[in-house]
Amino acid sequence: MSTDEAAPLAGPSDAPSTSAAALAGAIAAAVALGLAELLAGTTVLVPSPIDAISQQVIPRTPEVVTRWAIATFGTSDIAVLNAGTTSVALVIGAVTGVAARRRPARAVVVFAAAGALGLLAARARSEAALVPTALVLLVAVISGSLALRTLLRLGATPPGTSDADGIARRRFLLAGGGIATAAVLSAATGRFLLRGNLAVVDPTDVALPAPARSLPSPGPSAELSVEGLSPLFTPNARFYIIDTAVAVPQIDPATWSLRIHGLVDREVTLSYDDLLARPLEEVDVTLSCVSNEVGGDLVGNARWLGVRLADLLGEAGVRADCEQLIGRSSDGFTAGFPVEVAMDGRDAIVAVAMNGEPLPTEHGFPARLVVPGLYGYVSATKWLTELELTTADVDGYWIPRGWSKEGPIKTQSRIDVPARGASVAPGQVVVAGVAWAPIRGIAGVEVAVDGGGWTAAELSDPLSAGTWVQWRAMVEVDAGDHVVQVRATDGEGRTQGEGRVAPAPDGAEGWHRVTFRAA
């Protein structure tokens, strides 16, 4: 270590201002993050440091904050979390810059600590390799430290210099701007260009065998023709994504396996080829997130292909003292539901395809659980690696965080047309949407305008008891502002209640209302 690193600078005029030092520190942190993201983007062996740290934040976040984030940001919650992680890193960098104004060695300590924290977070990810990850973080730490040292020197005003606000400031700003731009470009290149194309296997390259049981194409009465109405099958790219994985796990199907163990007569382990060699069946199932607000879009319908869960459990032999099935993901996430749910005849499967394509990576490739009638937080384990048969005293990921032990999907209906705030012509107006009560089915949907009487809606023919139906109704409105509301009745005769209930702890309730204008 050189003398000027170990000792304070001589006088007040030879150190950068506090604001310049803070800016230098933030830029240096950006350099370290940007370079780490760039290098991590070249290999699946090194996780993104931002993703790795964010992943450790999720289980340590108070549940009230988690609920607020999902309700506020929906499927963008992970992006917001990563933005928050980055912002905190930049703030720490700014504080470090100020602390290092006269003692640059302090910055080395902070950057080294940050690198160690990043390594610990990365090691918690299954795909991380220790040596490559450590080397990437070491390069990032050294680069950030050197960038800060350089900027602090450029921002300093030599003793006796009178042009403190001129040449020195312009020199610092030009250098800082250039370095910051390079850091941002590095991060963007690594994160979006390189890592976006980085995959062990592209799911679309997987050849799936023909199903043992194929479903016919939906008939004309299964889908209503209304512009703006949700399609019968939600496209894969538009299907909601809510999970605890900050970075989508990249799994090689050649090394993947599914282990069925616990309270079974015999443990069963299946490779991906083993799974595909079994009779594959198509099932139509609507999935919903328990965090879905009334009228929300955290729900979707798809045609899935997979192996019946009951057949796999029958092969393992479920013991009489077994009460629950726990699905475990490659990233450590767990979800559990009563074992009888898998055996009661519903179309519960270990899915390998979605809407005619191999499972997209973000939806669980190479395999996931699909269980009709249960919210995803207790059933829809993606990147599935284990099925453990247990007693009821074992809890899945979300249960200790305040959500209900069992999560049957509640009867819900949503208005898609007219959209909120839409303007329509007075007279006959079409109102349309979707309604779902998986397993129970939908018996009827009604709409009411401005608090008036209820009008029965036309329903599409259901694909199965596990899917949503589309509905539409014609209402007469005069010019002016109007409110339309909807309620559904399920196959067991229960009609949605009007009162609003928040999603926590077991799903939202209430009538969906939309305000529109006839003009």
# chains A, B, ... in the order shown; residues from 1 in each chain; ligands from 1

$ select_by_dssp --residues "region 6-144 of chain A" --states "helix (DSSP H, G or I)" --output "PyMOL selection string"
chain A and resi 6+12-14+18-40+49-60+63-99+105-123+130-144

$ residues_around --residues "Ala156 (chain A)" --least-positions-apart "2" --cutoff "6 Å" --atoms "only C-alpha atoms" --output "list in words"
Asp14, Ala15, Pro16, Arg153 and Leu154 of chain A

$ residues_around --residues "Ala107 (chain A)" --least-positions-apart "2" --cutoff "8 Å" --atoms "only C-alpha atoms" --output "mmCIF file with N, CA and C atoms, in the first residue's frame"
data_model
loop_
_atom_site.group_PDB
_atom_site.id
_atom_site.type_symbol
_atom_site.label_atom_id
_atom_site.label_comp_id
_atom_site.auth_asym_id
_atom_site.auth_seq_id
_atom_site.Cartn_x
_atom_site.Cartn_y
_atom_site.Cartn_z
ATOM 1 N N THR A 96 -19.301 5.546 0.571
ATOM 2 C CA THR A 96 -17.903 5.107 0.573
ATOM 3 C C THR A 96 -17.004 6.171 -0.038
ATOM 4 N N GLY A 97 -17.472 6.797 -1.102
ATOM 5 C CA GLY A 97 -16.682 7.858 -1.731
ATOM 6 C C GLY A 97 -16.404 9.004 -0.778
ATOM 7 N N ALA A 99 -16.403 8.810 2.536
ATOM 8 C CA ALA A 99 -15.515 8.313 3.589
ATOM 9 C C ALA A 99 -14.074 8.198 3.108
ATOM 10 N N ALA A 100 -13.884 8.016 1.803
ATOM 11 C CA ALA A 100 -12.534 7.822 1.258
ATOM 12 C C ALA A 100 -11.907 9.109 0.733
ATOM 13 N N PRO A 104 -8.228 6.887 1.133
ATOM 14 C CA PRO A 104 -8.696 5.992 0.074
ATOM 15 C C PRO A 104 -8.721 4.527 0.470
ATOM 16 N N ALA A 105 -7.898 4.136 1.460
ATOM 17 C CA ALA A 105 -7.862 2.735 1.857
ATOM 18 C C ALA A 105 -9.207 2.261 2.400
ATOM 19 N N VAL A 109 -11.591 -1.530 1.731
ATOM 20 C CA VAL A 109 -12.250 -2.383 2.716
ATOM 21 C C VAL A 109 -13.722 -2.583 2.364
ATOM 22 N N VAL A 110 -14.400 -1.488 2.004
ATOM 23 C CA VAL A 110 -15.830 -1.572 1.692
ATOM 24 C C VAL A 110 -16.060 -2.415 0.441
ATOM 25 N N PHE A 111 -15.268 -2.182 -0.607
ATOM 26 C CA PHE A 111 -15.436 -2.942 -1.834
ATOM 27 C C PHE A 111 -15.146 -4.425 -1.609
ATOM 28 N N SER A 145 -12.530 -0.258 -7.112
ATOM 29 C CA SER A 145 -11.579 0.463 -6.258
ATOM 30 C C SER A 145 -10.691 1.390 -7.076
ATOM 31 N N LEU A 148 -12.659 4.441 -8.283
ATOM 32 C CA LEU A 148 -12.849 5.438 -7.229
ATOM 33 C C LEU A 148 -11.560 6.210 -6.972
#

$ closest_atom_pairs --of "region 391-501 of chain A" --to "region 336-349 of chain A" --cutoff "7 Å" --atoms "only C-alpha atoms" --output "Markdown table"
| residue | atom | partner | partner_atom | distance |
| --- | --- | --- | --- | --- |
| A:Asp395 | CA | A:Gly336 | CA | 6.9 |
| A:Gly396 | CA | A:Gly336 | CA | 5.3 |
| A:Glu406 | CA | A:Phe337 | CA | 6.5 |

$ atom_distance --atom1 "CA of Ala316 (chain A)" --atom2 "CA of Ala367 (chain A)"
18.4 Å

$ closest_residue --among "A:Ala187, A:Ala479, A:Val370, A:Ala320" --to "Arg303 (chain A)" --atoms "only C-alpha atoms"
A:Val370

$ closest_residue --among "A:Arg67, A:Arg328, A:Lys382, A:Ala508" --to "Thr411 (chain A)" --atoms "only C-alpha atoms"
A:Ala508

$ closest_residue --among "A:Ala122, A:Cys322, A:Leu369, A:Ala26" --to "His261 (chain A)" --atoms "only C-alpha atoms"
A:Cys322

$ closest_residue --among "A:Val434, A:Val88, A:Val484, A:Leu298" --to "Gly453 (chain A)" --atoms "only C-alpha atoms"
A:Val484

$ closest_residue --among "A:Ile27, A:Ala302, A:Ser271, A:Val294" --to "Phe233 (chain A)" --atoms "only C-alpha atoms"
A:Ala302

$ residues_around --residues "region 418-421 of chain A" --least-positions-apart "6" --cutoff "6 Å" --atoms "only C-alpha atoms" --output "list in words"
Val514, Thr515 and Phe516 of chain A

$ residues_around --residues "Leu275 (chain A)" --least-positions-apart "4" --cutoff "10 Å" --atoms "only C-alpha atoms" --output "ChimeraX atom specification"
/A:257-258,269-271,279-280,306-307,312,350-352,367

$ select_by_dssp --residues "region 61-281 of chain A" --states "strand (DSSP E or B)" --output "PyMOL selection string"
chain A and resi 213+257-262+264+268-271+281

$ write_last_selection --atoms "N, CA, C and O atoms" --output "mmCIF file, in the first residue's frame"
data_model
loop_
_atom_site.group_PDB
_atom_site.id
_atom_site.type_symbol
_atom_site.label_atom_id
_atom_site.label_comp_id
_atom_site.auth_asym_id
_atom_site.auth_seq_id
_atom_site.Cartn_x
_atom_site.Cartn_y
_atom_site.Cartn_z
ATOM 1 N N ARG A 213 -53.005 -39.140 -24.807
ATOM 2 C CA ARG A 213 -54.382 -38.644 -24.852
ATOM 3 C C ARG A 213 -54.361 -37.194 -25.291
ATOM 4 O O ARG A 213 -53.873 -36.324 -24.571
ATOM 5 N N SER A 257 -33.443 -34.550 -12.796
ATOM 6 C CA SER A 257 -34.174 -35.741 -12.342
ATOM 7 C C SER A 257 -35.274 -35.318 -11.381
ATOM 8 O O SER A 257 -35.202 -34.248 -10.759
ATOM 9 N N LEU A 258 -36.285 -36.154 -11.283
ATOM 10 C CA LEU A 258 -37.391 -35.953 -10.347
ATOM 11 C C LEU A 258 -37.368 -37.091 -9.342
ATOM 12 O O LEU A 258 -37.485 -38.269 -9.714
ATOM 13 N N ARG A 259 -37.233 -36.729 -8.078
ATOM 14 C CA ARG A 259 -37.172 -37.719 -7.005
ATOM 15 C C ARG A 259 -38.492 -37.727 -6.246
ATOM 16 O O ARG A 259 -38.955 -36.687 -5.775
ATOM 17 N N ILE A 260 -39.112 -38.897 -6.110
ATOM 18 C CA ILE A 260 -40.339 -39.065 -5.334
ATOM 19 C C ILE A 260 -39.969 -39.882 -4.101
ATOM 20 O O ILE A 260 -39.540 -41.033 -4.212
ATOM 21 N N HIS A 261 -40.117 -39.268 -2.928
ATOM 22 C CA HIS A 261 -39.618 -39.918 -1.717
ATOM 23 C C HIS A 261 -40.439 -39.483 -0.512
ATOM 24 O O HIS A 261 -41.429 -38.771 -0.624
ATOM 25 N N GLY A 262 -40.019 -39.930 0.661
ATOM 26 C CA GLY A 262 -40.735 -39.609 1.893
ATOM 27 C C GLY A 262 -41.558 -40.789 2.353
ATOM 28 O O GLY A 262 -41.056 -41.920 2.431
ATOM 29 N N VAL A 264 -43.368 -43.136 1.354
ATOM 30 C CA VAL A 264 -43.730 -43.983 0.216
ATOM 31 C C VAL A 264 -43.192 -45.397 0.457
ATOM 32 O O VAL A 264 -42.273 -45.604 1.252
ATOM 33 N N VAL A 268 -38.743 -43.375 -5.936
ATOM 34 C CA VAL A 268 -38.694 -43.396 -7.399
ATOM 35 C C VAL A 268 -37.911 -42.175 -7.878
ATOM 36 O O VAL A 268 -38.138 -41.059 -7.400
ATOM 37 N N THR A 269 -36.989 -42.392 -8.807
ATOM 38 C CA THR A 269 -36.255 -41.292 -9.422
ATOM 39 C C THR A 269 -36.396 -41.410 -10.932
ATOM 40 O O THR A 269 -36.115 -42.474 -11.510
ATOM 41 N N LEU A 270 -36.825 -40.306 -11.560
ATOM 42 C CA LEU A 270 -37.078 -40.297 -13.004
ATOM 43 C C LEU A 270 -36.178 -39.272 -13.679
ATOM 44 O O LEU A 270 -36.051 -38.138 -13.202
ATOM 45 N N SER A 271 -35.582 -39.656 -14.785
ATOM 46 C CA SER A 271 -34.871 -38.691 -15.628
ATOM 47 C C SER A 271 -35.886 -38.008 -16.541
ATOM 48 O O SER A 271 -37.062 -38.407 -16.596
ATOM 49 N N GLU A 281 -50.555 -36.841 -21.221
ATOM 50 C CA GLU A 281 -51.944 -36.455 -21.455
ATOM 51 C C GLU A 281 -52.075 -34.939 -21.506
ATOM 52 O O GLU A 281 -51.379 -34.216 -20.786
#

$ residues_around --residues "Ala32 (chain A)" --least-positions-apart "2" --cutoff "8 Å" --atoms "only C-alpha atoms" --output "mmCIF file with N, CA and C atoms, in the first residue's frame"
data_model
loop_
_atom_site.group_PDB
_atom_site.id
_atom_site.type_symbol
_atom_site.label_atom_id
_atom_site.label_comp_id
_atom_site.auth_asym_id
_atom_site.auth_seq_id
_atom_site.Cartn_x
_atom_site.Cartn_y
_atom_site.Cartn_z
ATOM 1 N N ALA A 28 -18.088 4.536 -9.063
ATOM 2 C CA ALA A 28 -17.222 3.381 -8.829
ATOM 3 C C ALA A 28 -18.042 2.123 -8.535
ATOM 4 N N ALA A 29 -19.108 2.274 -7.762
ATOM 5 C CA ALA A 29 -19.985 1.133 -7.497
ATOM 6 C C ALA A 29 -20.631 0.647 -8.792
ATOM 7 N N ALA A 30 -21.000 1.599 -9.654
ATOM 8 C CA ALA A 30 -21.584 1.234 -10.945
ATOM 9 C C ALA A 30 -20.575 0.477 -11.804
ATOM 10 N N GLY A 34 -21.362 -3.112 -13.089
ATOM 11 C CA GLY A 34 -21.428 -3.255 -14.538
ATOM 12 C C GLY A 34 -20.476 -4.311 -15.048
ATOM 13 N N LEU A 35 -19.248 -4.313 -14.548
ATOM 14 C CA LEU A 35 -18.271 -5.297 -14.995
ATOM 15 C C LEU A 35 -18.662 -6.705 -14.545
ATOM 16 N N ALA A 36 -19.174 -6.815 -13.317
ATOM 17 C CA ALA A 36 -19.617 -8.127 -12.833
ATOM 18 C C ALA A 36 -20.773 -8.660 -13.672
ATOM 19 N N ALA A 140 -14.253 -7.359 -10.382
ATOM 20 C CA ALA A 140 -15.182 -6.247 -10.176
ATOM 21 C C ALA A 140 -14.745 -5.372 -9.007
ATOM 22 N N VAL A 141 -14.314 -5.977 -7.904
ATOM 23 C CA VAL A 141 -13.869 -5.223 -6.726
ATOM 24 C C VAL A 141 -12.640 -4.382 -7.063
ATOM 25 N N ILE A 142 -11.668 -4.978 -7.731
ATOM 26 C CA ILE A 142 -10.458 -4.228 -8.093
ATOM 27 C C ILE A 142 -10.801 -3.082 -9.031
ATOM 28 N N SER A 143 -11.638 -3.335 -10.009
ATOM 29 C CA SER A 143 -12.013 -2.291 -10.970
ATOM 30 C C SER A 143 -12.745 -1.141 -10.292
ATOM 31 N N GLY A 144 -13.674 -1.476 -9.381
ATOM 32 C CA GLY A 144 -14.383 -0.422 -8.665
ATOM 33 C C GLY A 144 -13.456 0.402 -7.794
ATOM 34 N N ALA A 183 -19.893 1.937 -17.603
ATOM 35 C CA ALA A 183 -20.434 1.014 -16.605
ATOM 36 C C ALA A 183 -21.867 0.600 -16.960
#

$ atom_distance --atom1 "CA of Asp490 (chain A)" --atom2 "CA of Gly510 (chain A)"
14.2 Å

$ atom_distance --atom1 "CA of Glu315 (chain A)" --atom2 "CA of Ser214 (chain A)"
23.1 Å
